[in-house]
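What's in input19.txt: compact mmCIF, C-alpha atoms
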```
# COMPACT_ATOMS: atom_id res chain seq x y z
CA MET A 1 62.42 -9.41 -28.12
CA ALA A 2 59.62 -8.51 -30.55
CA ALA A 3 58.93 -4.84 -31.23
CA PRO A 4 55.68 -3.48 -29.74
CA PRO A 5 52.72 -3.26 -32.16
CA PRO A 6 51.89 0.01 -33.91
CA ASN A 7 49.59 2.38 -32.07
CA PHE A 8 46.76 4.54 -33.42
CA ASP A 9 48.72 7.84 -33.31
CA GLN A 10 51.47 6.36 -35.48
CA LEU A 11 49.05 4.97 -38.04
CA GLU A 12 47.09 8.25 -38.03
CA ALA A 13 50.31 10.17 -38.73
CA MET A 14 51.16 7.87 -41.65
CA LEU A 15 47.71 8.34 -43.21
CA ALA A 16 47.86 12.11 -42.70
CA VAL A 17 51.20 12.29 -44.57
CA VAL A 18 49.72 10.27 -47.44
CA ASP A 19 46.49 12.27 -47.63
CA ALA A 20 48.02 15.71 -47.09
CA GLY A 21 51.03 15.10 -49.35
CA GLY A 22 53.79 15.90 -46.89
CA PHE A 23 54.91 16.08 -43.27
CA SER A 24 54.28 19.79 -42.75
CA ALA A 25 50.80 19.58 -44.30
CA ALA A 26 50.06 16.49 -42.19
CA ALA A 27 51.12 18.38 -39.05
CA ARG A 28 48.71 21.20 -39.89
CA LYS A 29 45.92 18.72 -40.56
CA LEU A 30 46.45 16.95 -37.23
CA GLY A 31 47.19 20.08 -35.24
CA ARG A 32 50.58 18.75 -34.16
CA ALA A 33 54.17 19.90 -34.47
CA GLN A 34 55.89 18.64 -37.62
CA SER A 35 58.58 17.03 -35.47
CA ALA A 36 55.89 15.02 -33.65
CA VAL A 37 54.48 13.72 -36.95
CA THR A 38 57.96 12.86 -38.23
CA TYR A 39 58.77 11.05 -35.01
CA ALA A 40 55.48 9.09 -35.11
CA VAL A 41 56.13 7.90 -38.67
CA ARG A 42 59.74 6.94 -37.92
CA SER A 43 58.59 5.03 -34.82
CA LEU A 44 56.02 3.20 -36.94
CA GLU A 45 58.68 2.24 -39.49
CA GLU A 46 60.91 0.92 -36.71
CA ARG A 47 58.10 -1.15 -35.24
CA LEU A 48 57.12 -2.59 -38.62
CA GLY A 49 60.71 -3.05 -39.77
CA VAL A 50 60.11 -1.45 -43.17
CA ALA A 51 60.52 2.00 -44.73
CA LEU A 52 57.08 3.41 -45.48
CA PHE A 53 58.16 6.58 -47.29
CA ASP A 54 60.86 7.46 -49.82
CA ARG A 55 62.18 10.81 -48.60
CA SER A 56 64.73 11.36 -51.38
CA SER A 57 62.55 13.93 -53.20
CA TYR A 58 60.83 17.12 -52.09
CA ARG A 59 57.56 15.34 -51.31
CA PRO A 60 57.63 11.99 -49.47
CA ARG A 61 56.32 9.09 -51.54
CA LEU A 62 55.13 5.73 -50.35
CA THR A 63 57.54 2.88 -50.89
CA THR A 64 56.37 -0.41 -52.35
CA GLU A 65 56.06 -1.73 -48.80
CA GLY A 66 54.18 1.40 -47.73
CA ARG A 67 51.63 1.01 -50.56
CA ALA A 68 51.11 -2.63 -49.60
CA LEU A 69 50.45 -1.76 -45.95
CA LEU A 70 48.34 1.36 -46.57
CA PRO A 71 44.90 -0.38 -47.01
CA ARG A 72 45.27 -2.30 -43.76
CA ALA A 73 46.42 0.83 -41.92
CA ARG A 74 43.25 2.61 -43.09
CA ILE A 75 41.06 -0.27 -41.92
CA ILE A 76 42.69 -0.28 -38.47
CA CYS A 77 42.25 3.49 -38.08
CA GLU A 78 38.65 3.44 -39.27
CA GLU A 79 37.76 0.59 -36.91
CA THR A 80 39.53 2.30 -34.00
CA GLN A 81 37.65 5.54 -34.66
CA ALA A 82 34.36 3.61 -34.90
CA LEU A 83 35.17 1.92 -31.58
CA ARG A 84 35.78 5.31 -29.96
CA ARG A 85 32.54 6.76 -31.37
CA GLN A 86 30.52 3.79 -30.18
CA ALA A 87 32.03 3.94 -26.70
CA GLU A 88 31.37 7.70 -26.51
CA ALA A 89 27.77 7.17 -27.61
CA ILE A 90 27.25 4.48 -24.96
CA VAL A 91 28.74 6.71 -22.27
CA ALA A 92 26.39 9.50 -23.43
CA GLY A 93 23.41 7.17 -22.94
CA ALA A 94 22.77 5.85 -26.49
CA GLU A 95 21.69 2.23 -26.75
CA PRO A 96 24.44 -0.22 -27.78
CA GLU A 97 21.73 -1.90 -29.88
CA LEU A 98 18.33 -0.66 -31.08
CA THR A 99 15.99 -3.65 -30.77
CA LEU A 100 12.74 -3.54 -32.75
CA VAL A 101 9.90 -5.93 -33.47
CA VAL A 102 7.73 -5.19 -36.50
CA ASP A 103 4.37 -6.69 -37.34
CA ALA A 104 4.59 -8.43 -40.71
CA MET A 105 1.86 -6.15 -42.09
CA PHE A 106 3.73 -2.93 -41.30
CA PRO A 107 4.98 -1.09 -44.45
CA MET A 108 8.66 -1.93 -44.72
CA ASP A 109 9.46 1.21 -46.72
CA LEU A 110 8.50 3.32 -43.68
CA LEU A 111 10.64 1.16 -41.40
CA VAL A 112 13.64 1.28 -43.72
CA GLU A 113 13.54 5.06 -44.17
CA ALA A 114 13.11 5.71 -40.43
CA LEU A 115 16.07 3.43 -39.69
CA ARG A 116 18.18 5.19 -42.32
CA LEU A 117 17.47 8.60 -40.81
CA ALA A 118 17.94 7.48 -37.21
CA SER A 119 21.16 5.59 -37.97
CA ALA A 120 22.64 8.74 -39.50
CA ARG A 121 22.29 10.41 -36.10
CA PHE A 122 23.18 7.35 -33.99
CA PRO A 123 25.45 5.13 -36.10
CA ALA A 124 26.76 3.31 -33.01
CA SER A 125 23.28 1.98 -32.12
CA ALA A 126 23.04 -0.93 -34.54
CA PRO A 127 19.45 -2.09 -35.18
CA ARG A 128 18.30 -5.62 -34.47
CA VAL A 129 14.91 -6.18 -36.16
CA PHE A 130 12.45 -9.02 -35.54
CA VAL A 131 9.36 -9.61 -37.72
CA GLU A 132 6.37 -11.26 -36.06
CA THR A 133 2.57 -11.26 -36.27
CA MET A 134 -0.09 -10.03 -33.87
CA ASP A 135 0.39 -11.19 -30.24
CA ALA A 136 3.84 -12.58 -31.01
CA ALA A 137 5.04 -9.06 -31.83
CA LEU A 138 3.55 -7.62 -28.64
CA ALA A 139 5.12 -10.40 -26.57
CA LEU A 140 8.65 -9.35 -27.55
CA VAL A 141 7.96 -5.85 -26.22
CA LEU A 142 6.39 -7.11 -23.00
CA ASP A 143 9.22 -9.50 -22.14
CA GLY A 144 11.87 -6.84 -22.80
CA THR A 145 13.43 -8.55 -25.82
CA CYS A 146 12.64 -5.48 -27.95
CA ALA A 147 12.66 -1.87 -26.82
CA ILE A 148 10.14 -0.79 -29.47
CA GLY A 149 7.34 -2.57 -31.28
CA LEU A 150 5.47 -1.55 -34.42
CA ILE A 151 2.28 -3.46 -33.78
CA LEU A 152 -1.48 -3.54 -34.25
CA ASP A 153 -2.97 -0.86 -32.01
CA ALA A 154 -5.61 -3.29 -30.75
CA MET A 155 -3.09 -5.80 -29.41
CA GLY A 156 -2.75 -5.95 -25.62
CA ALA A 157 -4.78 -2.81 -24.96
CA ALA A 158 -4.66 -3.39 -21.19
CA GLU A 159 -0.92 -4.10 -21.05
CA PRO A 160 1.51 -1.65 -19.35
CA ILE A 161 2.84 -0.10 -22.53
CA GLU A 162 2.85 3.34 -24.11
CA ARG A 163 1.47 3.67 -27.63
CA GLN A 164 1.74 6.18 -30.42
CA ARG A 165 -0.71 5.87 -33.33
CA LEU A 166 1.03 5.80 -36.70
CA ILE A 167 -0.98 4.64 -39.72
CA ASP A 168 -3.93 2.50 -40.80
CA ILE A 169 -3.32 -0.56 -42.96
CA GLU A 170 -5.99 -1.24 -45.58
CA ILE A 171 -6.71 -4.95 -45.93
CA VAL A 172 -8.00 -5.90 -49.39
CA PRO A 173 -9.80 -9.23 -50.02
CA VAL A 174 -8.20 -10.83 -53.08
CA ALA A 175 -8.05 -13.99 -55.14
CA ALA A 176 -6.03 -15.13 -58.13
CA PRO A 177 -7.58 -14.81 -61.62
CA SER A 178 -7.55 -18.62 -61.80
CA HIS A 179 -9.63 -18.95 -58.62
CA PRO A 180 -13.45 -19.15 -58.94
CA LEU A 181 -13.85 -15.94 -56.94
CA GLY A 182 -11.24 -14.21 -59.08
CA ARG A 183 -13.20 -15.06 -62.21
CA ILE A 184 -16.32 -13.26 -60.95
CA ALA A 185 -16.47 -9.85 -62.63
CA GLY A 186 -19.01 -8.30 -60.24
CA PRO A 187 -19.82 -8.29 -56.53
CA VAL A 188 -19.53 -11.42 -54.40
CA ARG A 189 -21.98 -12.26 -51.60
CA PRO A 190 -20.83 -13.69 -48.23
CA GLU A 191 -22.56 -17.01 -48.95
CA ASP A 192 -20.37 -17.38 -52.05
CA LEU A 193 -17.24 -16.80 -49.95
CA ARG A 194 -18.17 -19.58 -47.52
CA ARG A 195 -17.86 -22.20 -50.23
CA HIS A 196 -14.17 -21.49 -50.75
CA ALA A 197 -11.14 -21.82 -48.50
CA GLN A 198 -10.10 -18.59 -46.79
CA LEU A 199 -6.38 -18.08 -46.16
CA VAL A 200 -5.89 -16.48 -42.76
CA LEU A 201 -2.73 -15.01 -41.23
CA SER A 202 -2.22 -16.59 -37.82
CA GLU A 203 0.29 -16.83 -34.99
CA GLY A 204 3.05 -19.41 -34.96
CA ALA A 205 3.00 -22.89 -33.44
CA GLY A 206 1.18 -23.14 -30.12
CA ALA A 207 -0.96 -20.04 -30.67
CA GLY A 208 -4.72 -20.08 -30.62
CA ASP A 209 -7.04 -19.50 -33.56
CA ASP A 210 -8.20 -15.92 -34.01
CA ASP A 211 -11.37 -15.98 -36.10
CA HIS A 212 -11.62 -12.21 -36.52
CA GLY A 213 -12.49 -11.50 -40.14
CA VAL A 214 -13.05 -15.19 -40.98
CA LEU A 215 -16.05 -15.70 -43.28
CA SER A 216 -15.45 -19.15 -44.79
CA ALA A 217 -16.33 -22.49 -43.32
CA GLN A 218 -12.91 -23.78 -44.40
CA THR A 219 -9.78 -21.89 -43.32
CA TRP A 220 -6.10 -22.33 -44.02
CA ARG A 221 -4.00 -20.75 -41.27
CA ILE A 222 -0.59 -19.49 -42.33
CA ALA A 223 1.94 -17.91 -39.96
CA ASP A 224 3.94 -16.09 -42.66
CA LEU A 225 2.62 -13.20 -44.73
CA GLY A 226 4.87 -13.98 -47.69
CA ALA A 227 3.69 -17.58 -47.76
CA LYS A 228 0.06 -16.45 -47.62
CA ARG A 229 0.62 -14.11 -50.56
CA ALA A 230 2.26 -16.88 -52.61
CA MET A 231 -0.62 -19.27 -51.89
CA LEU A 232 -3.19 -16.66 -52.88
CA GLU A 233 -1.33 -15.98 -56.14
CA ALA A 234 -1.33 -19.74 -56.78
CA GLY A 235 -5.13 -19.82 -56.53
CA LEU A 236 -5.31 -21.95 -53.37
CA GLY A 237 -7.99 -19.78 -51.78
CA TRP A 238 -9.00 -16.21 -51.08
CA GLY A 239 -8.02 -13.84 -48.28
CA GLY A 240 -7.05 -10.34 -47.23
CA LEU A 241 -3.65 -8.72 -47.78
CA PRO A 242 -2.33 -5.22 -47.04
CA ARG A 243 -2.89 -2.92 -50.01
CA HIS A 244 0.65 -1.53 -49.88
CA LEU A 245 2.01 -5.08 -50.25
CA ILE A 246 -0.05 -6.04 -53.31
CA ALA A 247 -0.40 -2.75 -55.19
CA GLN A 248 1.65 -4.09 -58.12
CA ASP A 249 -0.15 -7.46 -58.02
CA LEU A 250 -3.49 -5.67 -58.38
CA SER A 251 -2.32 -3.37 -61.17
CA SER A 252 -0.73 -6.26 -63.11
CA GLY A 253 -3.73 -8.56 -62.64
CA ARG A 254 -1.76 -11.17 -60.71
CA LEU A 255 -4.38 -10.77 -57.98
CA ARG A 256 -7.92 -9.44 -58.21
CA ARG A 257 -9.92 -7.64 -55.56
CA VAL A 258 -12.95 -9.59 -54.33
CA GLU A 259 -15.81 -7.10 -54.08
CA ILE A 260 -17.92 -8.25 -51.14
CA VAL A 261 -21.55 -7.08 -50.99
CA ASP A 262 -24.12 -7.89 -48.31
CA GLU A 263 -27.66 -6.68 -47.51
CA ALA A 264 -26.34 -3.24 -46.51
CA GLY A 265 -24.43 -2.79 -49.77
CA PRO A 266 -20.71 -2.95 -50.67
CA ARG A 267 -18.61 -3.95 -47.68
CA PRO A 268 -15.68 -1.55 -47.14
CA ASP A 269 -12.20 -2.95 -46.85
CA ALA A 270 -10.98 -3.46 -43.29
CA ARG A 271 -8.53 -0.94 -41.85
CA LEU A 272 -6.10 -2.03 -39.15
CA PRO A 273 -4.55 0.68 -36.95
CA MET A 274 -0.80 0.38 -36.40
CA CYS A 275 1.13 2.00 -33.57
CA SER A 276 4.55 2.16 -32.00
CA ALA A 277 4.73 0.71 -28.50
CA TRP A 278 7.20 0.40 -25.62
CA ARG A 279 7.10 -0.56 -21.98
CA ARG A 280 6.53 2.34 -19.58
CA ASP A 281 9.26 1.09 -17.26
CA LEU A 282 11.72 0.63 -20.17
CA PRO A 283 11.41 3.80 -22.27
CA PRO A 284 13.50 4.09 -25.45
CA GLY A 285 16.93 5.70 -25.25
CA PRO A 286 18.23 8.49 -27.51
CA ALA A 287 18.50 6.31 -30.63
CA GLY A 288 15.05 4.84 -30.06
CA ARG A 289 13.51 8.28 -29.55
CA GLU A 290 15.15 9.52 -32.75
CA PHE A 291 13.79 6.50 -34.64
CA LEU A 292 10.28 7.09 -33.27
CA ALA A 293 10.37 10.79 -34.14
CA ARG A 294 11.44 10.13 -37.72
CA LEU A 295 8.86 7.35 -38.07
CA LEU A 296 6.08 9.64 -36.83
CA GLU A 297 7.08 12.30 -39.36
CA LEU A 298 7.09 9.78 -42.21
CA ALA A 299 3.72 8.35 -41.17
CA ALA A 300 2.17 11.84 -40.94
CA ALA A 301 3.40 12.62 -44.47
CA GLN A 302 1.42 9.64 -45.80
CA VAL A 303 -1.91 10.76 -44.37
```
Any chance you could give the structure as structure tokens?
Amino acid sequence: MAAPPPNFDQLEAMLAVVDAGGFSAAARKLGRAQSAVTYAVRSLEERLGVALFDRSSYRPRLTTEGRALLPRARIICEETQALRRQAEAIVAGAEPELTLVVDAMFPMDLLVEALRLASARFPASAPRVFVETMDAALALVLDGTCAIGLILDAMGAAEPIERQRLIDIEIVPVAAPSHPLGRIAGPVRPEDLRRHAQLVLSEGAGAGDDDHGVLSAQTWRIADLGAKRAMLEAGLGWGGLPRHLIAQDLSSGRLRRVEIVDEAGPRPDARLPMCSAWRRDLPPGPAGREFLARLLELAAAQV
């Protein structure tokens, strides 16, 4: 009959002896009697069928077999402790998974830092992050796929969701230096823009055409912000991109700002308000609230 598998207490005792340097020190570290630690290690050796420690000297030393098994013992203990922490967090009300949808124009450095801070408090609530555009981002909040959305504040204003204003995204009209508009050193009038293709960020397949901000007679509709940026850099047209995304492109000259002027004078760059959003009947749990609090702090620091 096969011996029963090792249990956590036995593996924990083995690691304590290794880390503390002896049985008595391990007992103090674990808050157990030394006899209990000795018994746990001996039981582990019997179950594994190998001697883990050489006890011939004053301080126990790992045998060759013990050194070989030590890394796996650590992995098992770490995973068991992580399992316990996650179960405890779930029992305490923390979300098993923190589901987020982020508009493609949202600054990813803010998202990353807020996730880092929130995960330090709630490591058991693993994030699942979706990246969408406009109505597609809002839809994942409305259908319950995502607990929290970082979306355009204007999207779905009448929908049953709570919102928290975060930041404004500055949209800069740009073109490549090789594009006719990029070669113009001074202001550009709207009638000049209409003669060139405008690259517009749009929804995915099946979505309608949103003509907000469209000035050209010819439009290319692209459902991915990265693809739009690459096409603009290649000189395939002109269009607006978030300033935080193209700051280096503008400073290096890879893209140039198109200065639009009409009868009233220079046209200011568009500013799109971004907010966090969640369904009123599905409010965020502890991990989600921590994420939102950290995100609000980070956004306020940028103002």
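When only C-alpha atoms are used to compute distances to A:Phe106, the closest of the residues A:Asp19, A:Glu65, A:Glu12, A:Glu132 turns out to be A:Glu132.
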Q: Please provide the set of residues having any atom within 12 Å of A:Leu30, restricted to only C-alpha atoms, with same-chain residues fewer than 2 positions apart removed, written as a PyMOL selection string.
A: chain A and resi 9-10+12-17+19-20+23-28+32-34+36-37
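Nearest-residue note for A:Asp135: choosing from A:Met105, A:Ile151, A:Arg254, A:Leu166, the minimum distance belongs to A:Ile151, counting only C-alpha atoms.
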**Q.** Test item: residues at most 12 Å from A:Leu140, only C-alpha atoms, excluding those fewer than 3 positions along its chain, as number ranges by chain
**A.** A: 99-103, 129-137, 143-151, 277-279
Q | Proximity to A:His179 - best of A:Gly21, A:Pro5, A:Pro273, A:Gly237, only C-alpha atoms | A | A:Gly237
Q.
At a cut-off of 10 Å, using all atoms listed in the file, what residues contact A:Asp224? Leave out same-chain residues fewer than 4 positions from it and give the result as a VMD selection string.
A. chain A and resid 104 131 to 133 200 to 204 228 to 229
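With atom CA of A:Ala68 on one side and atom CA of A:Arg47 on the other, the separation reads 16.0 Å.
Here atom CA of A:Phe53 stands at a distance of 6.5 Å from atom CA of A:Gly66.
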**Q.** Selection near A:Pro268, 12 Å with only C-alpha atoms, sequence-local residues under 2 positions removed, as a VMD selection string
**A.** chain A and resid 170 to 173 257 to 262 264 to 266 270 to 271
Q: Would you mind telling me which residue in A:Glu97, A:Ala154, A:Arg194, A:Glu113 lies nearest to A:Arg128 when using only C-alpha atoms?
A: A:Glu97
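Coordinates place atom CA of A:Trp238 at a distance of 5.8 Å from atom CA of A:Val174.
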